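Have a look at model23.cif; it's mmCIF, C-alpha atoms:
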data_entry
#
loop_
_atom_site.label_atom_id
_atom_site.label_comp_id
_atom_site.auth_asym_id
_atom_site.auth_seq_id
_atom_site.Cartn_x
_atom_site.Cartn_y
_atom_site.Cartn_z
CA MET E 1 -68.40 -33.07 61.56
CA ASP E 2 -68.66 -33.65 65.30
CA PHE E 3 -67.89 -30.43 67.20
CA SER E 4 -69.09 -31.75 70.58
CA ARG E 5 -65.70 -31.41 72.31
CA GLN E 6 -65.50 -27.71 71.51
CA ILE E 7 -69.22 -26.91 71.89
CA ILE E 8 -69.06 -27.96 75.54
CA LEU E 9 -66.65 -25.08 76.15
CA PRO E 10 -68.92 -22.54 77.87
CA GLN E 11 -67.23 -19.69 75.98
CA LEU E 12 -68.20 -21.24 72.63
CA GLY E 13 -71.40 -23.26 73.06
CA VAL E 14 -73.95 -23.90 70.32
CA SER E 15 -74.39 -20.20 69.57
CA GLY E 16 -70.64 -19.67 69.06
CA GLN E 17 -70.48 -22.72 66.80
CA LYS E 18 -73.30 -21.28 64.68
CA LYS E 19 -71.43 -17.97 64.40
CA LEU E 20 -68.39 -19.87 63.13
CA LYS E 21 -70.53 -21.71 60.58
CA ASP E 22 -72.06 -18.44 59.38
CA SER E 23 -68.69 -16.71 59.10
CA LYS E 24 -66.68 -15.95 55.97
CA ILE E 25 -62.93 -15.57 56.51
CA LEU E 26 -60.36 -14.71 53.85
CA VAL E 27 -56.78 -15.87 54.38
CA VAL E 28 -54.43 -13.75 52.26
CA GLY E 29 -51.39 -15.91 51.63
CA ALA E 30 -51.11 -19.71 51.59
CA GLY E 31 -47.44 -19.90 52.55
CA GLY E 32 -45.95 -20.60 55.98
CA LEU E 33 -48.54 -18.74 58.06
CA GLY E 34 -51.42 -19.66 55.74
CA CYS E 35 -50.64 -23.39 55.90
CA ALA E 36 -50.86 -23.20 59.70
CA ILE E 37 -54.00 -21.06 59.81
CA LEU E 38 -56.15 -22.73 57.14
CA PRO E 39 -56.58 -26.28 58.54
CA TYR E 40 -57.53 -24.94 61.96
CA LEU E 41 -60.15 -22.60 60.52
CA ALA E 42 -61.64 -25.48 58.52
CA ALA E 43 -61.52 -27.88 61.47
CA VAL E 44 -63.17 -25.45 63.89
CA GLY E 45 -66.19 -25.16 61.60
CA VAL E 46 -65.80 -21.85 59.75
CA GLY E 47 -68.48 -21.95 57.02
CA THR E 48 -66.70 -20.15 54.19
CA ILE E 49 -62.94 -19.83 53.78
CA GLY E 50 -61.27 -17.77 51.07
CA ILE E 51 -57.72 -18.73 50.07
CA MET E 52 -55.76 -16.08 48.17
CA ASP E 53 -52.27 -16.66 46.80
CA GLY E 54 -50.83 -16.33 43.30
CA ASP E 55 -47.61 -18.12 44.21
CA ARG E 56 -46.49 -21.59 43.02
CA ILE E 57 -45.18 -24.32 45.29
CA ALA E 58 -41.36 -24.46 45.46
CA ALA E 59 -39.07 -27.10 46.94
CA SER E 60 -37.79 -24.57 49.51
CA ASN E 61 -41.35 -24.13 50.86
CA LEU E 62 -41.97 -27.72 51.89
CA HIS E 63 -40.16 -27.66 55.26
CA ARG E 64 -42.71 -25.16 56.64
CA GLN E 65 -45.74 -25.26 54.32
CA LEU E 66 -47.18 -28.61 55.33
CA LEU E 67 -50.22 -28.65 53.05
CA TYR E 68 -47.93 -29.36 50.07
CA SER E 69 -45.64 -32.17 48.96
CA GLU E 70 -42.81 -32.68 46.49
CA SER E 71 -45.11 -33.93 43.71
CA GLN E 72 -46.93 -30.56 43.74
CA ILE E 73 -43.89 -28.36 43.04
CA GLY E 74 -44.80 -25.76 40.44
CA LEU E 75 -48.55 -25.97 41.11
CA SER E 76 -50.77 -23.19 42.48
CA LYS E 77 -50.64 -22.86 46.28
CA SER E 78 -54.22 -21.63 46.59
CA GLN E 79 -55.62 -24.43 44.39
CA GLU E 80 -53.60 -27.18 46.05
CA ALA E 81 -54.39 -25.92 49.56
CA LYS E 82 -58.09 -26.05 48.69
CA LYS E 83 -57.79 -29.62 47.36
CA TYR E 84 -56.07 -30.79 50.54
CA LEU E 85 -58.56 -29.08 52.84
CA LYS E 86 -61.69 -29.98 50.84
CA ALA E 87 -60.79 -33.68 51.05
CA GLN E 88 -60.58 -33.44 54.83
CA PHE E 89 -63.36 -30.91 55.45
CA PRO E 90 -65.94 -31.38 52.66
CA GLU E 91 -68.63 -29.37 54.45
CA VAL E 92 -66.57 -26.14 54.29
CA SER E 93 -67.20 -23.85 51.34
CA PHE E 94 -63.85 -22.75 49.89
CA ARG E 95 -63.29 -19.82 47.54
CA VAL E 96 -59.97 -19.78 45.71
CA PHE E 97 -58.27 -16.62 44.46
CA ASP E 98 -55.23 -17.71 42.46
CA CYS E 99 -53.69 -14.25 42.49
CA PHE E 100 -51.75 -11.86 44.71
CA LEU E 101 -53.42 -9.02 46.55
CA GLU E 102 -53.17 -6.01 44.24
CA PRO E 103 -54.75 -2.55 44.32
CA SER E 104 -56.71 -3.53 41.19
CA ASN E 105 -58.38 -6.61 42.72
CA ALA E 106 -58.31 -6.06 46.47
CA ARG E 107 -61.68 -4.36 46.91
CA ASP E 108 -63.60 -6.96 44.88
CA HIS E 109 -62.03 -9.89 46.73
CA LEU E 110 -62.15 -8.48 50.25
CA GLN E 111 -65.64 -7.06 50.41
CA ASN E 112 -67.51 -10.36 50.65
CA PHE E 113 -65.73 -11.49 53.82
CA ASP E 114 -66.40 -10.75 57.51
CA LEU E 115 -62.79 -11.10 58.59
CA ILE E 116 -59.40 -11.17 56.91
CA ILE E 117 -56.27 -12.93 58.09
CA ASP E 118 -52.95 -11.59 56.89
CA ALA E 119 -50.57 -14.40 55.96
CA THR E 120 -48.58 -12.36 53.46
CA ASP E 121 -44.85 -11.79 53.49
CA GLU E 122 -44.65 -8.16 52.38
CA ILE E 123 -45.19 -4.92 54.27
CA SER E 124 -46.61 -3.25 51.15
CA ALA E 125 -49.37 -5.91 51.02
CA ARG E 126 -50.20 -5.16 54.66
CA HIS E 127 -50.54 -1.45 53.91
CA LEU E 128 -52.93 -2.26 51.06
CA LEU E 129 -54.86 -4.67 53.27
CA ASN E 130 -55.04 -2.03 55.97
CA ASP E 131 -56.38 0.70 53.69
CA LEU E 132 -59.03 -1.51 52.10
CA SER E 133 -60.16 -3.19 55.29
CA GLN E 134 -60.57 0.23 56.88
CA GLU E 135 -62.59 1.49 53.92
CA LEU E 136 -64.76 -1.65 53.87
CA ASP E 137 -64.94 -1.77 57.67
CA ILE E 138 -63.60 -5.33 58.00
CA PRO E 139 -61.37 -6.34 60.92
CA TRP E 140 -58.13 -8.19 60.17
CA VAL E 141 -55.69 -10.36 62.05
CA TYR E 142 -52.04 -9.51 61.49
CA GLY E 143 -49.17 -11.94 61.82
CA SER E 144 -45.57 -11.80 60.70
CA VAL E 145 -42.30 -13.45 61.45
CA HIS E 146 -38.62 -12.56 61.74
CA GLN E 147 -36.45 -15.62 62.29
CA PHE E 148 -37.51 -16.99 65.74
CA GLN E 149 -39.80 -14.10 66.61
CA GLY E 150 -43.34 -13.35 65.53
CA GLN E 151 -45.80 -10.48 65.88
CA VAL E 152 -49.58 -10.85 66.17
CA SER E 153 -52.25 -8.16 66.42
CA VAL E 154 -55.83 -7.41 65.40
CA PHE E 155 -56.61 -4.23 63.50
CA ASN E 156 -59.76 -2.30 62.70
CA PHE E 157 -61.72 -4.29 65.27
CA GLU E 158 -64.71 -2.47 66.77
CA ASN E 159 -63.27 0.91 65.80
CA GLY E 160 -59.87 -0.01 67.26
CA PRO E 161 -56.47 1.05 65.90
CA ASN E 162 -55.05 -0.19 62.63
CA TYR E 163 -51.69 -1.26 61.18
CA LYS E 164 -50.63 2.30 60.37
CA ASP E 165 -51.30 3.30 63.98
CA LEU E 166 -48.74 0.67 64.96
CA PHE E 167 -46.30 1.10 62.08
CA PRO E 168 -47.04 4.43 60.38
CA VAL E 169 -44.15 4.31 57.91
CA ALA E 170 -43.73 1.41 55.49
CA ASP E 171 -40.29 -0.15 55.91
CA THR E 172 -39.63 -1.30 52.39
CA ASP E 173 -36.26 -2.73 53.42
CA ALA E 174 -37.74 -5.25 55.89
CA ILE E 175 -36.63 -8.73 54.92
CA SER E 176 -38.74 -11.80 54.23
CA CYS E 177 -38.42 -15.41 55.47
CA SER E 178 -36.47 -16.38 52.38
CA ASP E 179 -33.80 -13.79 53.20
CA ALA E 180 -33.83 -14.00 57.02
CA GLY E 181 -34.36 -17.76 57.45
CA VAL E 182 -37.23 -19.42 59.30
CA LEU E 183 -38.26 -22.67 60.96
CA GLY E 184 -41.61 -24.31 60.32
CA THR E 185 -42.38 -24.26 64.03
CA THR E 186 -42.14 -20.46 64.15
CA VAL E 187 -44.67 -19.81 61.37
CA GLY E 188 -46.77 -22.66 62.79
CA MET E 189 -46.87 -21.02 66.22
CA ILE E 190 -47.66 -17.54 64.95
CA GLY E 191 -50.26 -18.84 62.47
CA MET E 192 -51.92 -20.75 65.31
CA LEU E 193 -52.14 -17.57 67.40
CA GLN E 194 -53.72 -15.78 64.42
CA ALA E 195 -56.28 -18.55 63.88
CA ASN E 196 -57.10 -18.39 67.58
CA GLU E 197 -57.73 -14.64 67.42
CA ALA E 198 -59.97 -15.19 64.39
CA ILE E 199 -62.04 -17.80 66.27
CA LYS E 200 -62.40 -15.46 69.27
CA ILE E 201 -63.50 -12.56 67.06
CA VAL E 202 -66.08 -14.57 65.12
CA ALA E 203 -67.50 -16.51 68.07
CA GLY E 204 -67.34 -13.47 70.35
CA PHE E 205 -65.37 -14.58 73.38
CA GLY E 206 -62.07 -13.81 75.10
CA LYS E 207 -59.96 -10.67 74.92
CA VAL E 208 -59.01 -9.79 71.38
CA LEU E 209 -55.51 -8.39 70.64
CA SER E 210 -56.91 -5.05 69.48
CA GLY E 211 -54.70 -2.08 70.37
CA LYS E 212 -52.03 -4.57 71.41
CA VAL E 213 -49.21 -6.29 69.56
CA LEU E 214 -47.93 -9.59 70.91
CA ILE E 215 -44.32 -10.50 70.25
CA TYR E 216 -43.45 -14.16 70.77
CA ASP E 217 -39.83 -15.26 70.90
CA LEU E 218 -39.37 -18.98 70.31
CA LEU E 219 -35.68 -18.92 71.26
CA SER E 220 -36.45 -17.86 74.83
CA CYS E 221 -40.10 -19.05 74.95
CA THR E 222 -41.15 -15.59 76.13
CA GLN E 223 -43.88 -13.28 75.00
CA GLN E 224 -44.47 -9.60 75.52
CA ILE E 225 -47.53 -7.52 74.75
CA PHE E 226 -47.16 -3.85 73.81
CA GLU E 227 -50.11 -1.47 73.78
CA PHE E 228 -50.68 1.20 71.16
CA GLU E 229 -53.37 3.73 70.34
CA LYS E 230 -54.88 5.40 67.31
CA ARG E 231 -52.84 8.18 65.75
CA PRO E 232 -54.89 11.30 64.95
CA GLU E 233 -53.28 11.64 61.51
CA ASN E 234 -54.66 8.21 60.53
CA ASN E 235 -58.11 8.83 61.93
CA SER E 236 -59.41 12.15 60.68
CA ARG E 237 -62.89 10.85 61.41
CA SER E 238 -62.35 11.59 65.12
CA GLU E 239 -63.97 14.99 64.60
CA GLN E 240 -66.96 13.51 62.78
CA ILE E 241 -70.47 14.91 63.09
CA ALA E 242 -72.71 12.98 65.49
CA PHE E 243 -75.88 12.23 63.50
CA PRO E 244 -78.95 11.05 65.47
CA LEU E 245 -79.50 7.30 65.66
CA ILE E 246 -82.78 5.50 65.02
CA THR E 247 -83.77 1.86 65.47
CA ILE E 248 -84.97 -0.17 62.51
CA GLU E 249 -88.29 -0.75 64.31
CA GLU E 250 -88.86 3.04 64.45
CA VAL E 251 -87.91 3.34 60.78
CA PHE E 252 -90.46 0.72 59.71
CA GLN E 253 -93.20 2.08 62.00
CA ALA E 254 -92.84 5.60 60.59
CA LYS E 255 -92.36 4.24 57.03
CA LEU E 256 -89.27 6.40 56.56
CA LYS E 257 -87.06 6.27 53.49
CA VAL E 258 -83.92 4.18 53.91
CA ILE E 259 -80.68 4.18 51.92
CA ASP E 260 -78.56 1.01 51.89
CA VAL E 261 -75.12 2.40 50.97
CA ARG E 262 -73.41 -0.98 50.60
CA GLU E 263 -72.16 -2.22 47.26
CA ARG E 264 -74.81 -4.08 45.21
CA ASP E 265 -73.50 -7.62 45.72
CA GLU E 266 -72.96 -7.41 49.47
CA LYS E 267 -74.84 -9.88 51.64
CA PRO E 268 -77.26 -10.12 53.30
CA GLU E 269 -79.50 -8.59 50.67
CA VAL E 270 -82.12 -6.33 52.24
CA LEU E 271 -85.16 -5.89 50.00
CA LYS E 272 -88.21 -3.97 51.19
CA GLU E 273 -90.38 -1.10 50.15
CA ASN E 274 -88.75 2.27 50.90
CA ILE E 275 -85.23 0.79 51.02
CA PHE E 276 -83.10 2.26 48.23
CA GLN E 277 -79.91 0.45 47.20
CA ILE E 278 -77.46 3.29 46.48
CA PRO E 279 -73.78 2.38 46.94
CA LEU E 280 -71.74 5.07 48.70
CA SER E 281 -69.67 5.62 45.55
CA THR E 282 -72.77 6.75 43.61
CA LEU E 283 -74.68 8.53 46.37
CA ALA E 284 -73.83 12.08 45.34
CA GLU E 285 -75.27 11.42 41.85
CA LYS E 286 -78.55 10.01 43.17
CA VAL E 287 -79.51 12.58 45.80
CA GLU E 288 -82.15 14.12 43.58
CA LEU E 289 -84.34 11.08 44.35
CA PHE E 290 -84.96 12.63 47.78
CA ASP E 291 -86.18 15.93 49.21
CA ARG E 292 -83.58 17.75 51.25
CA GLY E 293 -86.04 18.31 54.11
CA GLU E 294 -87.35 14.74 54.44
CA GLU E 295 -86.11 12.21 56.97
CA ILE E 296 -83.50 9.93 55.40
CA CYS E 297 -82.22 6.89 57.29
CA ILE E 298 -78.98 5.19 56.32
CA PHE E 299 -77.40 1.83 56.98
CA CYS E 300 -74.44 -0.21 55.73
CA GLN E 301 -72.73 -3.33 57.07
CA THR E 302 -71.41 -1.93 60.36
CA GLY E 303 -71.78 1.84 60.37
CA LYS E 304 -68.63 3.39 58.91
CA ARG E 305 -69.95 3.96 55.41
CA SER E 306 -73.26 5.21 56.84
CA GLN E 307 -71.35 7.95 58.64
CA THR E 308 -69.56 8.94 55.42
CA ALA E 309 -72.86 8.89 53.50
CA ALA E 310 -74.48 11.07 56.17
CA GLU E 311 -71.63 13.57 55.90
CA ILE E 312 -72.08 13.70 52.12
CA LEU E 313 -75.84 14.30 52.43
CA ASN E 314 -75.24 16.89 55.14
CA GLN E 315 -72.88 18.80 52.85
CA LEU E 316 -75.49 18.64 50.09
CA GLY E 317 -78.07 20.35 52.30
CA PHE E 318 -80.05 17.43 53.76
CA THR E 319 -81.22 18.33 57.25
CA GLN E 320 -83.04 15.25 58.62
CA ILE E 321 -80.42 12.49 58.46
CA ARG E 322 -80.62 9.47 60.75
CA LEU E 323 -78.22 6.56 61.12
CA ILE E 324 -79.87 3.18 61.73
CA LYS E 325 -78.58 1.34 64.79
CA GLY E 326 -76.91 -1.98 63.93
CA GLY E 327 -76.12 -3.13 60.43
CA ALA E 328 -77.64 -5.16 57.64
CA LYS E 329 -77.78 -8.35 59.72
CA GLU E 330 -79.99 -6.72 62.38
CA ILE E 331 -82.29 -5.30 59.72
CA ILE E 332 -82.67 -8.76 58.21
CA GLY E 333 -83.44 -10.05 61.72
CA GLN E 334 -86.18 -7.45 62.15
CA LEU E 335 -87.63 -8.24 58.71
CA SER E 336 -87.73 -11.96 59.64
CA ASN E 337 -89.62 -11.08 62.85
CA GLU E 338 -92.17 -9.11 60.87
CA ILE E 339 -92.70 -12.00 58.47
CA ASP E 340 -93.09 -14.40 61.43
CA GLN E 341 -95.66 -12.13 63.06
CA HIS E 342 -97.70 -11.87 59.87
CA SER E 343 -97.63 -15.60 59.02
CA MET M 1 -30.96 1.65 85.60
CA ILE M 2 -32.98 1.62 82.40
CA LYS M 3 -33.54 -1.60 80.46
CA VAL M 4 -33.57 -1.59 76.67
CA HIS M 5 -34.99 -4.48 74.60
CA TYR M 6 -34.31 -5.04 70.91
CA PHE M 7 -36.48 -7.04 68.52
CA GLY M 8 -36.19 -8.39 65.00
CA ILE M 9 -33.74 -6.68 62.74
CA ILE M 10 -32.84 -4.12 65.44
CA ALA M 11 -31.57 -6.97 67.66
CA GLU M 12 -29.47 -8.14 64.71
CA ALA M 13 -28.05 -4.64 64.21
CA ALA M 14 -27.29 -4.29 67.93
CA LYS M 15 -26.04 -7.92 68.06
CA SER M 16 -27.97 -8.20 71.32
CA GLU M 17 -31.45 -8.87 72.69
CA GLY M 18 -31.07 -5.95 75.06
CA GLU M 19 -28.91 -4.06 77.51
CA THR M 20 -29.06 -2.02 80.70
CA ILE M 21 -28.28 1.68 80.75
CA SER M 22 -26.77 2.75 84.05
CA SER M 23 -27.95 6.36 83.90
CA PRO M 24 -30.58 7.16 86.58
CA SER M 25 -32.51 9.39 84.19
CA ILE M 26 -32.20 10.48 80.59
CA PRO M 27 -34.52 12.06 77.99
CA LEU M 28 -35.90 9.33 75.71
CA LYS M 29 -34.89 11.30 72.65
CA SER M 30 -31.25 11.46 73.82
CA LEU M 31 -31.13 7.74 74.54
CA ILE M 32 -32.59 6.85 71.14
CA GLY M 33 -30.13 9.24 69.50
CA ASP M 34 -27.24 7.56 71.32
CA LEU M 35 -28.41 4.04 70.40
CA THR M 36 -29.03 5.04 66.77
CA GLU M 37 -25.47 6.32 66.52
CA LYS M 38 -23.96 3.37 68.40
CA TYR M 39 -25.64 0.69 66.27
CA GLN M 40 -26.12 2.68 63.05
CA LEU M 41 -29.90 2.40 63.14
CA ASP M 42 -30.53 5.40 60.85
CA SER M 43 -31.81 3.31 57.98
CA TYR M 44 -34.25 1.24 60.08
CA GLN M 45 -37.88 2.01 60.81
CA PHE M 46 -38.94 1.11 64.34
CA GLN M 47 -41.39 2.11 67.04
CA ILE M 48 -40.43 2.84 70.63
CA ALA M 49 -42.29 1.46 73.62
CA VAL M 50 -41.85 2.78 77.15
CA ASN M 51 -43.02 0.36 79.80
CA ARG M 52 -44.83 -1.65 77.10
CA LYS M 53 -46.75 1.28 75.65
CA ILE M 54 -45.80 2.53 72.22
CA VAL M 55 -45.11 6.26 72.31
CA LYS M 56 -46.38 8.59 69.59
CA GLU M 57 -44.13 11.50 70.48
CA MET M 58 -40.85 11.15 72.37
CA ASP M 59 -39.83 14.81 72.68
CA ALA M 60 -41.00 15.46 76.23
CA LEU M 61 -40.40 12.01 77.71
CA GLU M 62 -37.84 11.68 80.47
CA LEU M 63 -36.81 8.13 81.38
CA LYS M 64 -36.12 7.24 85.00
CA THR M 65 -34.67 4.29 86.88
CA GLY M 66 -36.78 1.17 86.47
CA ASP M 67 -38.22 2.14 83.07
CA GLU M 68 -38.05 -0.38 80.26
CA ILE M 69 -37.95 0.64 76.64
CA ALA M 70 -38.24 -1.51 73.53
CA LEU M 71 -37.29 -0.87 69.91
CA LEU M 72 -39.90 -2.55 67.72
CA PRO M 73 -39.52 -2.87 63.96
CA ALA M 74 -42.31 -4.25 61.74
CA PHE M 75 -41.65 -7.87 60.83
CA SER M 76 -42.17 -8.88 57.25
CA GLY M 77 -42.00 -12.67 56.85
CA GLY M 78 -44.90 -15.04 56.61
#

How does the structure come out when it is put into structure tokens?
Amino acid sequence: MDFSRQIILPQLGVSGQKKLKDSKILVVGAGGLGCAILPYLAAVGVGTIGIMDGDRIAASNLHRQLLYSESQIGLSKSQEAKKYLKAQFPEVSFRVFDCFLEPSNARDHLQNFDLIIDATDEISARHLLNDLSQELDIPWVYGSVHQFQGQVSVFNFENGPNYKDLFPVADTDAISCSDAGVLGTTVGMIGMLQANEAIKIVAGFGKVLSGKVLIYDLLSCTQQIFEFEKRPENNSRSEQIAFPLITIEEVFQAKLKVIDVRERDEKPEVLKENIFQIPLSTLAEKVELFDRGEEICIFCQTGKRSQTAAEILNQLGFTQIRLIKGGAKEIIGQLSNEIDQHS
Amino acid sequence: MIKVHYFGIIAEAAKSEGETISSPSIPLKSLIGDLTEKYQLDSYQFQIAVNRKIVKEMDALELKTGDEIALLPAFSGG
């Protein structure tokens, strides 16, 4: 794939293109929004794309879900979307989840992705997505449509506000596209804005719609941006204890004990002497491996679970707790440097 | 003059994209109460923005001439 026309954008460049290639993005929903988002993620060079949808293709979908055709009615949306995209973008790794987002499967499916894009059509699914992405510390791009209007925002990005800070109460009576009516151009437009936010987040340029909700009205061709903040009731962590930070270089130099509190199958895998793999969910049972007075350093993917782990250890009487600056990726980077220096 | 904007299902309930309130000043809570009664918005969930910032608590807010408010429901479709 030739990305030369986008790599010459100074905001993207070669380094941004590599970030896109290294990224793993899950699109939840392969309907109207999903069909707009997915081809642009694949075309821009995202390395791994997850497609989740348990729905089947219906005749009434075809006017706005352009990845499908009449001969595919009754077939799985997620499987057929993958077939279409794989033929056009063979270098992209696709992961298909032929199911709906449910409390029973959400954690397993979400935790292996760096970013999630909401292309669902239910508010209850967005509440589930919000809770899990906050727990797993994964940002997500929200998009939804009502007739000729659409909303776009980014939640849980760099400790920013989340969906419940914007809409604290679930409106179970809100109506879907099938009830309210929708044009393909409206979901196409909103999906495109979501894909664009995803590209900016992954490649690290531009101003992300965090703490802001954009409302686009296609009848008047106007857009408005509304700002919002965290609500204290959704963010009890605001009174969290400030544990001292330590760099991974200092940890290795002093040969301190390290706890990796991520789940066992999370990547990148960090294997080294003195690094103990103890998922947060089992930490309280494993504390007897350590002395309460010794220095314990903790890391996870981005820092949220480390803070929770530190609070657990603090409550259990540990006095020398350190949080490692950066996440697993930086630790892997430091390990690679060490190997280079010794080779 | 205070401008009010409606979005999504609230615009459908009000049968309008917005309106102008001629009062020079009014407590936000009173205005929302009036609009809720006028358009029967009791059963809808929506957020309120004043001058494009969503407010967490409307009790103490007094609107004045030139302010713009918006009634923002969550959209659902996708």

Please, what distance in Å, to one decimal, runs between atom CA of E:Ile278 and atom CA of E:Leu128?
->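 For atom CA of E:Ile278 relative to atom CA of E:Leu128, the distance reads 25.6 Å.
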
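Surrounding residues of (-36.0, 13.1, 79.2) at most 9 Å away are Ser25, Ile26, Pro27, Leu28, Lys29, Ser30, Leu31, Met58, Asp59, Ala60, Leu61, Glu62, Leu63 and Lys64 of chain M (based on all atoms listed in the file).
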
Give me the residues within 12 Å of E:Thr302 as an NGL selection string, counting all atoms listed in the file and dropping any in the same chain fewer than 2 places off.
-> :E and (114 or 134-139 or 156-159 or 260-262 or 298-300 or 304-307 or 323-331)

List every residue of chain M that has an atom at most 12 Å from any atom of chain E, giving for each one its closest atom pair and the distance in Å to one decimal, counting all atoms listed in the file, sorted by chain and then by ascending residue number, as a Markdown table.
| residue | atom | partner | partner_atom | distance |
| --- | --- | --- | --- | --- |
| M:His5 | CA | E:Gln224 | CA | 10.8 |
| M:Tyr6 | CA | E:Ile215 | CA | 11.4 |
| M:Phe7 | CA | E:Gln149 | CA | 8.0 |
| M:Gly8 | CA | E:His146 | CA | 5.8 |
| M:Ile9 | CA | E:His146 | CA | 7.7 |
| M:Ile10 | CA | E:Ala174 | CA | 10.8 |
| M:Ala11 | CA | E:His146 | CA | 10.8 |
| M:Glu12 | CA | E:Gln147 | CA | 10.5 |
| M:Glu17 | CA | E:Ser220 | CA | 10.5 |
| M:Ser43 | CA | E:Asp173 | CA | 8.8 |
| M:Tyr44 | CA | E:Asp171 | CA | 7.5 |
| M:Gln45 | CA | E:Asp171 | CA | 5.9 |
| M:Phe46 | CA | E:Phe167 | CA | 7.7 |
| M:Gln47 | CA | E:Phe167 | CA | 7.1 |
| M:Ile48 | CA | E:Phe226 | CA | 10.0 |
| M:Ala49 | CA | E:Phe226 | CA | 7.2 |
| M:Val50 | CA | E:Phe226 | CA | 9.1 |
| M:Asn51 | CA | E:Phe226 | CA | 8.4 |
| M:Arg52 | CA | E:Phe226 | CA | 4.6 |
| M:Lys53 | CA | E:Glu227 | CA | 4.7 |
| M:Ile54 | CA | E:Phe228 | CA | 5.2 |
| M:Val55 | CA | E:Phe228 | CA | 7.6 |
| M:Lys56 | CA | E:Arg231 | CA | 7.5 |
| M:Glu57 | CA | E:Arg231 | CA | 10.5 |
| M:Glu68 | CA | E:Phe226 | CA | 11.7 |
| M:Ile69 | CA | E:Phe226 | CA | 10.6 |
| M:Ala70 | CA | E:Phe226 | CA | 9.2 |
| M:Leu71 | CA | E:Phe226 | CA | 11.0 |
| M:Leu72 | CA | E:Phe167 | CA | 9.3 |
| M:Pro73 | CA | E:Phe167 | CA | 8.1 |
| M:Ala74 | CA | E:Phe167 | CA | 6.7 |
| M:Phe75 | CA | E:Ser144 | CA | 5.6 |
| M:Ser76 | CA | E:Ser176 | CA | 5.4 |
| M:Gly77 | CA | E:Ser176 | CA | 4.3 |
| M:Gly78 | CA | E:Asp121 | CA | 4.5 |

Between atom CA of E:Ala195 and atom CA of E:Lys21, what is the spacing in Å?
->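 If I compute the distance from atom CA of E:Lys21 to atom CA of E:Ala195, I get 15.0 Å.
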
Students should find that atom CA of E:Ile312 and atom CA of E:Ala284 are spaced 7.2 Å

Give me the result of the PyMOL selection byres ((chain E and resi 76-93) around 12) on this file, residue by residue, as a count of residues only.
-> 59

Go through the shown structure with the PyMOL selection byres ((chain E and resi 249) around 10) and write out the matching residues as a list in words.
->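 Expected selection for the PyMOL selection byres ((chain E and resi 249) around 10) here is Ile246, Thr247, Ile248, Glu250, Val251, Phe252, Gln253, Ala254, Lys255, Ile324, Lys325, Ile331, Gln334, Leu335 and Glu338 of chain E.
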
Padding 6 Å on every side, please: axis-aligned box over the listed atoms of stretch 43-62 of chain M, centre and edge lengths to one decimal in Å, as AutoDock Vina command-line options.
--center_x -39.3 --center_y 6.9 --center_z 69.2 --size_x 26.9 --size_y 29.1 --size_z 34.5

Give me the result of the PyMOL selection byres ((chain E and resi 319) around 9) on this file, residue by residue, as a ChimeraX atom specification.
-> /E:292-296,313-314,317-318,320-321
